[in-house]
Structure formats: structure tokens, C-alpha cells
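Notes to accompany the following structure.
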Amino acid sequence: MNKYFNGIHLWEMGYQFANSIGIHAPALNMHLAFVSVCALYFVFESFHNREKVKLKIFYFITFLLSFFFVLFVNTRMALINALIGFCLVFFFEIRSKLNLKKIVLTAIAIVVLLAGILFLFVQKDPYMKEKYSTVSFAYMDKVGKLDEIDHPEIKVFNSLVTRVSIWKSAWELSVKNLPFGVGASDGKPELNKYYAETNQKFLAKYEFPTHNQFLDFLLKFGILGPLVVILYIFYDRVFGL
């Protein structure tokens with residue numbers, strides 16, 4: 001927190017915060033994103049159910065704090081998922097319980113609130129603008145060729161090009177091992193071996209996992225892997241439960 005308020009080491013702030021409590025930053029932030037989406041849902045419900053003012057304030061403060069920590073840990077997928085979750089909660093809550101005029105007014109209020117939080121946060125963390133623009137999309141012409149970048153561990157460790165290079169390798173290895181995959185326990189070891197075989201020293205050195213559940217299951221279990229993930233996600237819809 002002290003680093004944040006003093007603008008020190010902003011590029012590593014969220015990861016150091018996560019490490020201090022013994023959890024990987026993206027994993028922590030996915031939990032925080034889920035909490036913030038749930039908190040927004042309870043904010044809506046507190047008004048629909050005409051809860052006491054103290055309870056409404058509690059839910060609202062919980063929502064603000066949880067969203068702040070999503071920004072504080074600052075991982076891309078968690079922030080995107082949180083914003084998508086806000087939209088879904090807003091859409092389903094408002095569609096079923098308020099009229100069109102209230103929909104428009106509430107939408108404006110939520111957008112202004114989130115925009116205000118983002119604006120204030122970026123004022124204290126100017127690195128966020130850099131991360132979501134130049135850092136995230138730098139060196140996209142080097143997909144699968146990260147070793148051609150000078151000091152990739154400094155310049156592209158958290159960039160999109162690294163993730164796409166990992167996904168490209170995972171896809172190529174998965175295709176080679178269709179239809180049944182490499183096995184449940186051999187996914188990461190085989191992927192690391194493939195990095196080495198394809199002379200991707202940077203990826204091999206840091207032993208990056210797939211960072212994608214669908215690709216991970218495709219690599220481990222072949223064709224059935226992604227189908228199982230999809231079935232797990234949409235189980236209730238598929239069986240009408």
C-alpha cells in the first residue's frame with residue numbers, strides 16, 4: 001500500500017502483494033473479481049429487498065473495496081472478467097425488476113461510478129495505462145520467437161505476446177498428440193520439453209504453463225478435454241437443472 005500511495009515499483013506492486021500472502025497474483029485476482037461481481041449483485045438486491053440503510057452501505061463499501069483490489073493486483077483477465085460480470089449482473093437484475101427509465105438511470109450511475117474509480121486509480125498508478133497499451137501489445141511480431149527480443153524476461157514477461165507464444169506451442173503439441181493427448185500428469189512436463197525442442201529458451205527457462213483451461217485439457221486429454229470443460233461450464237443449461 002505504501003508503494004502504491006508513493007508511486008514506487010508500480011509494475012510489480014500487485015504481484016508482490018499477492019506473493020506476500022502466498023498466492024499467485026492472477027489466481028488471487030480471479031477470486032477478487034468474483035467477490036466484486038457478487039458484491040455488486042448484493043448491492044442491487046439490498047435495494048430491491050429494501051434492506052436497512054446500514055446493510056446497503058456495507059454492501060456498497062464491500063463492492064468498492066473489492067473492485068479497488070482488483071485494480072490493485074492489476075491482472076488483465078481478472079479485470080476483464082470483473083467488468084463482464086458487472087454487465088451480466090446489471091443486465092439480469094435490471095431486466096427483471098426495473099422499468100426502462102430506471103434501467104437507463106441505473107446504467108448511467110454504474111458507468112459513471114466505475115469510470116470514476118478507474119480514473120482515480122490511474123491517477124495514482126500511471127503504469128496501468130502503459131500496461132494496458134504498450135506493454136500488453138508490444139512485440140506481437142515475435143510470437144514463437146521471444147528469444148529474438150533483448151532481455152525478454154524484462155520486456156515481455158507479462159505481455160500478450162508471451163501468452164500467445166505459449167498457446168501456440170500448446171496447440172502445436174496438442175495437435176501432435178491427438179486424439180488422446182499426453183496424459184493428465186504429463187501436460188506441463190511435455191510442454192516444457194516442447195519449448196526446449198523448438199529452441200524457445202525463454203519459455204523453457206521459466207516453464208510457463210498453458211494459461212488456458214481449454215488448451216490445457218486439449219493437451220492432457222485430447223479431443224475430449226475441451227468438451228469436458230464446456231460440459232462442466234454449461235452443465236445446468238445442458239441438462240436443464
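For the C-alpha cells, the naming scheme is as follows: chains receive sequential letters (A, B, ...) according to their order of presentation, residues are indexed from 1 within each chain, and ligands are indexed from 1 in presentation order.
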
Polymer residues at most 9 Å from range 171-178 of chain A, only C-alpha atoms, same-chain spacing of 4 or more positions, as a compact mmCIF listing (two decimals) with N, CA, C and O atoms, in the first residue's frame:
```
# COMPACT_ATOMS: atom_id res chain seq x y z
N ILE A 166 2.93 -19.13 -25.80
CA ILE A 166 2.62 -20.33 -25.00
C ILE A 166 1.46 -21.09 -25.63
O ILE A 166 1.51 -22.31 -25.81
N TRP A 167 0.40 -20.37 -25.98
CA TRP A 167 -0.78 -21.01 -26.58
C TRP A 167 -0.42 -21.67 -27.91
O TRP A 167 -0.92 -22.75 -28.22
N VAL A 182 -1.51 -36.13 -24.03
CA VAL A 182 -0.27 -36.64 -23.43
C VAL A 182 -0.50 -37.28 -22.07
O VAL A 182 0.42 -37.86 -21.49
N GLU A 190 5.59 -32.19 -20.62
CA GLU A 190 5.69 -32.33 -22.07
C GLU A 190 5.75 -30.97 -22.76
O GLU A 190 6.44 -30.79 -23.76
N LEU A 191 5.01 -30.01 -22.21
CA LEU A 191 5.04 -28.66 -22.78
C LEU A 191 6.41 -28.03 -22.60
O LEU A 191 6.96 -27.41 -23.52
N TYR A 194 8.71 -29.48 -25.01
CA TYR A 194 8.47 -28.96 -26.35
C TYR A 194 9.11 -27.59 -26.53
O TYR A 194 9.63 -27.27 -27.61
N LEU A 215 -6.99 -25.22 -23.68
CA LEU A 215 -5.77 -25.77 -24.26
C LEU A 215 -5.12 -26.78 -23.32
O LEU A 215 -4.55 -27.79 -23.77
N ASP A 216 -5.19 -26.49 -22.02
CA ASP A 216 -4.60 -27.39 -21.04
C ASP A 216 -5.26 -28.77 -21.10
O ASP A 216 -4.59 -29.81 -21.11
N LEU A 218 -7.03 -29.90 -23.68
CA LEU A 218 -6.77 -30.45 -25.01
C LEU A 218 -5.43 -31.16 -25.03
O LEU A 218 -5.30 -32.26 -25.58
N LEU A 219 -4.43 -30.54 -24.41
CA LEU A 219 -3.09 -31.13 -24.35
C LEU A 219 -3.09 -32.42 -23.52
O LEU A 219 -2.48 -33.42 -23.91
N LYS A 220 -3.78 -32.41 -22.40
CA LYS A 220 -3.76 -33.56 -21.50
C LYS A 220 -4.66 -34.71 -21.96
O LYS A 220 -4.28 -35.88 -21.86
N PHE A 221 -5.84 -34.38 -22.45
CA PHE A 221 -6.85 -35.41 -22.70
C PHE A 221 -7.29 -35.51 -24.16
O PHE A 221 -8.19 -36.30 -24.46
N GLY A 222 -6.69 -34.71 -25.03
CA GLY A 222 -7.05 -34.78 -26.43
C GLY A 222 -8.40 -34.16 -26.72
O GLY A 222 -8.84 -33.21 -26.05
N ILE A 223 -9.09 -34.71 -27.71
CA ILE A 223 -10.35 -34.13 -28.19
C ILE A 223 -11.40 -34.02 -27.09
O ILE A 223 -12.16 -33.05 -27.02
```

- [ ] Excluding range 37-39 of chain A and any residue of its chain fewer than 5 positions from it, enumerate the residues within 6 Å of it, using only C-alpha atoms, and give them as a list of chain:residue names.
- [x] A:Phe63, A:Gly85, A:Phe86

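Across A:Asn212, A:Lys201, A:Ile117, A:Ser46, the tightest approach to Val164 in chain A is made by A:Asn212 when counting only C-alpha atoms.
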
Which residues come within 8 Å of range 79-82 of chain A, counting only C-alpha atoms, excluding same-chain residues fewer than 2 positions away, as a tab-separated table (two decimals) with all heavy atoms, in the first residue's frame?
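Now in selection15.tsv:
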```tsv
chain	number	residue	atom	x	y	z
A	30	MET	N	-8.53	-13.41	-9.72
A	30	MET	CA	-9.77	-14.04	-10.19
A	30	MET	C	-10.76	-14.18	-9.03
A	30	MET	O	-11.96	-14.00	-9.19
A	30	MET	CB	-9.47	-15.40	-10.81
A	30	MET	CG	-8.87	-15.32	-12.19
A	30	MET	SD	-10.01	-14.58	-13.39
A	30	MET	CE	-9.11	-14.92	-14.91
A	33	ALA	N	-12.10	-10.73	-8.37
A	33	ALA	CA	-13.08	-10.35	-9.40
A	33	ALA	C	-14.44	-10.99	-9.10
A	33	ALA	O	-15.48	-10.34	-9.22
A	33	ALA	CB	-12.57	-10.78	-10.77
A	34	PHE	N	-14.41	-12.26	-8.69
A	34	PHE	CA	-15.66	-12.96	-8.35
A	34	PHE	C	-16.34	-12.28	-7.16
A	34	PHE	O	-17.57	-12.08	-7.16
A	34	PHE	CB	-15.36	-14.42	-8.04
A	34	PHE	CG	-16.57	-15.22	-7.64
A	34	PHE	CD1	-17.55	-15.54	-8.58
A	34	PHE	CD2	-16.75	-15.64	-6.33
A	34	PHE	CE1	-18.67	-16.27	-8.21
A	34	PHE	CE2	-17.86	-16.36	-5.96
A	34	PHE	CZ	-18.83	-16.68	-6.91
A	36	SER	N	-16.06	-9.14	-6.25
A	36	SER	CA	-16.59	-7.84	-6.65
A	36	SER	C	-17.90	-7.98	-7.43
A	36	SER	O	-18.82	-7.18	-7.26
A	36	SER	CB	-15.55	-7.07	-7.47
A	36	SER	OG	-15.29	-7.71	-8.71
A	37	VAL	N	-18.00	-9.00	-8.27
A	37	VAL	CA	-19.24	-9.24	-9.02
A	37	VAL	C	-20.36	-9.63	-8.06
A	37	VAL	O	-21.50	-9.12	-8.17
A	37	VAL	CB	-19.03	-10.35	-10.08
A	37	VAL	CG1	-20.36	-10.72	-10.73
A	37	VAL	CG2	-18.05	-9.89	-11.15
A	70	VAL	N	-9.14	-5.45	-7.15
A	70	VAL	CA	-8.97	-5.99	-8.50
A	70	VAL	C	-8.00	-5.11	-9.29
A	70	VAL	O	-7.09	-5.60	-9.98
A	70	VAL	CB	-10.32	-6.10	-9.23
A	70	VAL	CG1	-10.11	-6.42	-10.71
A	70	VAL	CG2	-11.18	-7.17	-8.58
A	71	LEU	N	-8.18	-3.80	-9.18
A	71	LEU	CA	-7.28	-2.85	-9.85
A	71	LEU	C	-5.90	-2.87	-9.22
A	71	LEU	O	-4.88	-2.72	-9.92
A	71	LEU	CB	-7.87	-1.44	-9.78
A	71	LEU	CG	-9.20	-1.23	-10.50
A	71	LEU	CD1	-9.74	0.16	-10.21
A	71	LEU	CD2	-9.04	-1.44	-11.99
A	74	ASN	N	-4.14	-5.94	-10.31
A	74	ASN	CA	-3.90	-5.48	-11.69
A	74	ASN	C	-3.47	-6.59	-12.64
A	74	ASN	O	-2.41	-6.52	-13.25
A	74	ASN	CB	-2.86	-4.35	-11.68
A	74	ASN	CG	-2.88	-3.54	-12.97
A	74	ASN	OD1	-3.82	-3.62	-13.75
A	74	ASN	ND2	-1.84	-2.76	-13.19
A	75	THR	N	-4.30	-7.63	-12.77
A	75	THR	CA	-4.09	-8.62	-13.82
A	75	THR	C	-5.20	-8.48	-14.85
A	75	THR	O	-6.36	-8.23	-14.49
A	75	THR	CB	-4.08	-10.05	-13.25
A	75	THR	OG1	-5.30	-10.31	-12.55
A	75	THR	CG2	-2.91	-10.25	-12.30
A	76	ARG	N	-4.85	-8.63	-16.11
A	76	ARG	CA	-5.74	-8.27	-17.20
A	76	ARG	C	-7.02	-9.09	-17.25
A	76	ARG	O	-8.12	-8.54	-17.34
A	76	ARG	CB	-4.98	-8.36	-18.52
A	76	ARG	CG	-4.01	-7.21	-18.73
A	76	ARG	CD	-2.96	-7.55	-19.75
A	76	ARG	NE	-2.07	-8.59	-19.25
A	76	ARG	CZ	-0.82	-8.76	-19.68
A	76	ARG	NH1	-0.32	-7.97	-20.58
A	76	ARG	NH2	-0.07	-9.73	-19.19
A	77	MET	N	-6.89	-10.43	-17.23
A	77	MET	CA	-8.08	-11.27	-17.38
A	77	MET	C	-9.06	-11.08	-16.23
A	77	MET	O	-10.28	-11.12	-16.42
A	77	MET	CB	-7.67	-12.74	-17.48
A	77	MET	CG	-7.08	-13.13	-18.82
A	77	MET	SD	-8.14	-12.70	-20.22
A	77	MET	CE	-9.62	-13.62	-19.85
A	84	ILE	N	-17.05	-7.78	-17.29
A	84	ILE	CA	-18.09	-8.59	-17.94
A	84	ILE	C	-19.13	-9.05	-16.91
A	84	ILE	O	-20.33	-9.02	-17.15
A	84	ILE	CB	-17.46	-9.81	-18.64
A	84	ILE	CG1	-16.62	-9.35	-19.83
A	84	ILE	CG2	-18.55	-10.79	-19.11
A	84	ILE	CD1	-15.83	-10.47	-20.49
A	85	GLY	N	-18.64	-9.46	-15.73
A	85	GLY	CA	-19.55	-9.88	-14.66
A	85	GLY	C	-20.47	-8.76	-14.22
A	85	GLY	O	-21.67	-8.99	-13.99
A	86	PHE	N	-19.93	-7.55	-14.12
A	86	PHE	CA	-20.76	-6.39	-13.75
A	86	PHE	C	-21.88	-6.20	-14.78
A	86	PHE	O	-23.04	-5.96	-14.41
A	86	PHE	CB	-19.92	-5.11	-13.70
A	86	PHE	CG	-18.87	-5.10	-12.62
A	86	PHE	CD1	-17.80	-4.21	-12.69
A	86	PHE	CD2	-18.94	-5.95	-11.54
A	86	PHE	CE1	-16.84	-4.19	-11.70
A	86	PHE	CE2	-17.98	-5.94	-10.53
A	86	PHE	CZ	-16.92	-5.05	-10.63
```

TODO: Mind listing the alpha helix (DSSP H) residues of range 17-241 of chain A, per DSSP on the backbone, as a PyMOL selection string?
DONE: chain A and resi 17-20+25-48+53-73+76-97+100-124+127-130+152-155+160-176+187-197+201-206+213-221+224-233+235-239

Task: Coordinates-based distance that separates CA of Phe69 in chain A from CA of Lys54 in chain A (Å, one decimal) - done: 22.5 Å

Open item on the list: Report, in Å to a single decimal, how far apart CA of Leu64 in chain A and CA of Phe17 in chain A are.
Closed with: 18.6 Å

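Interatomic distance, CA of Phe234 in chain A to CA of Lys188 in chain A: 26.4 Å.
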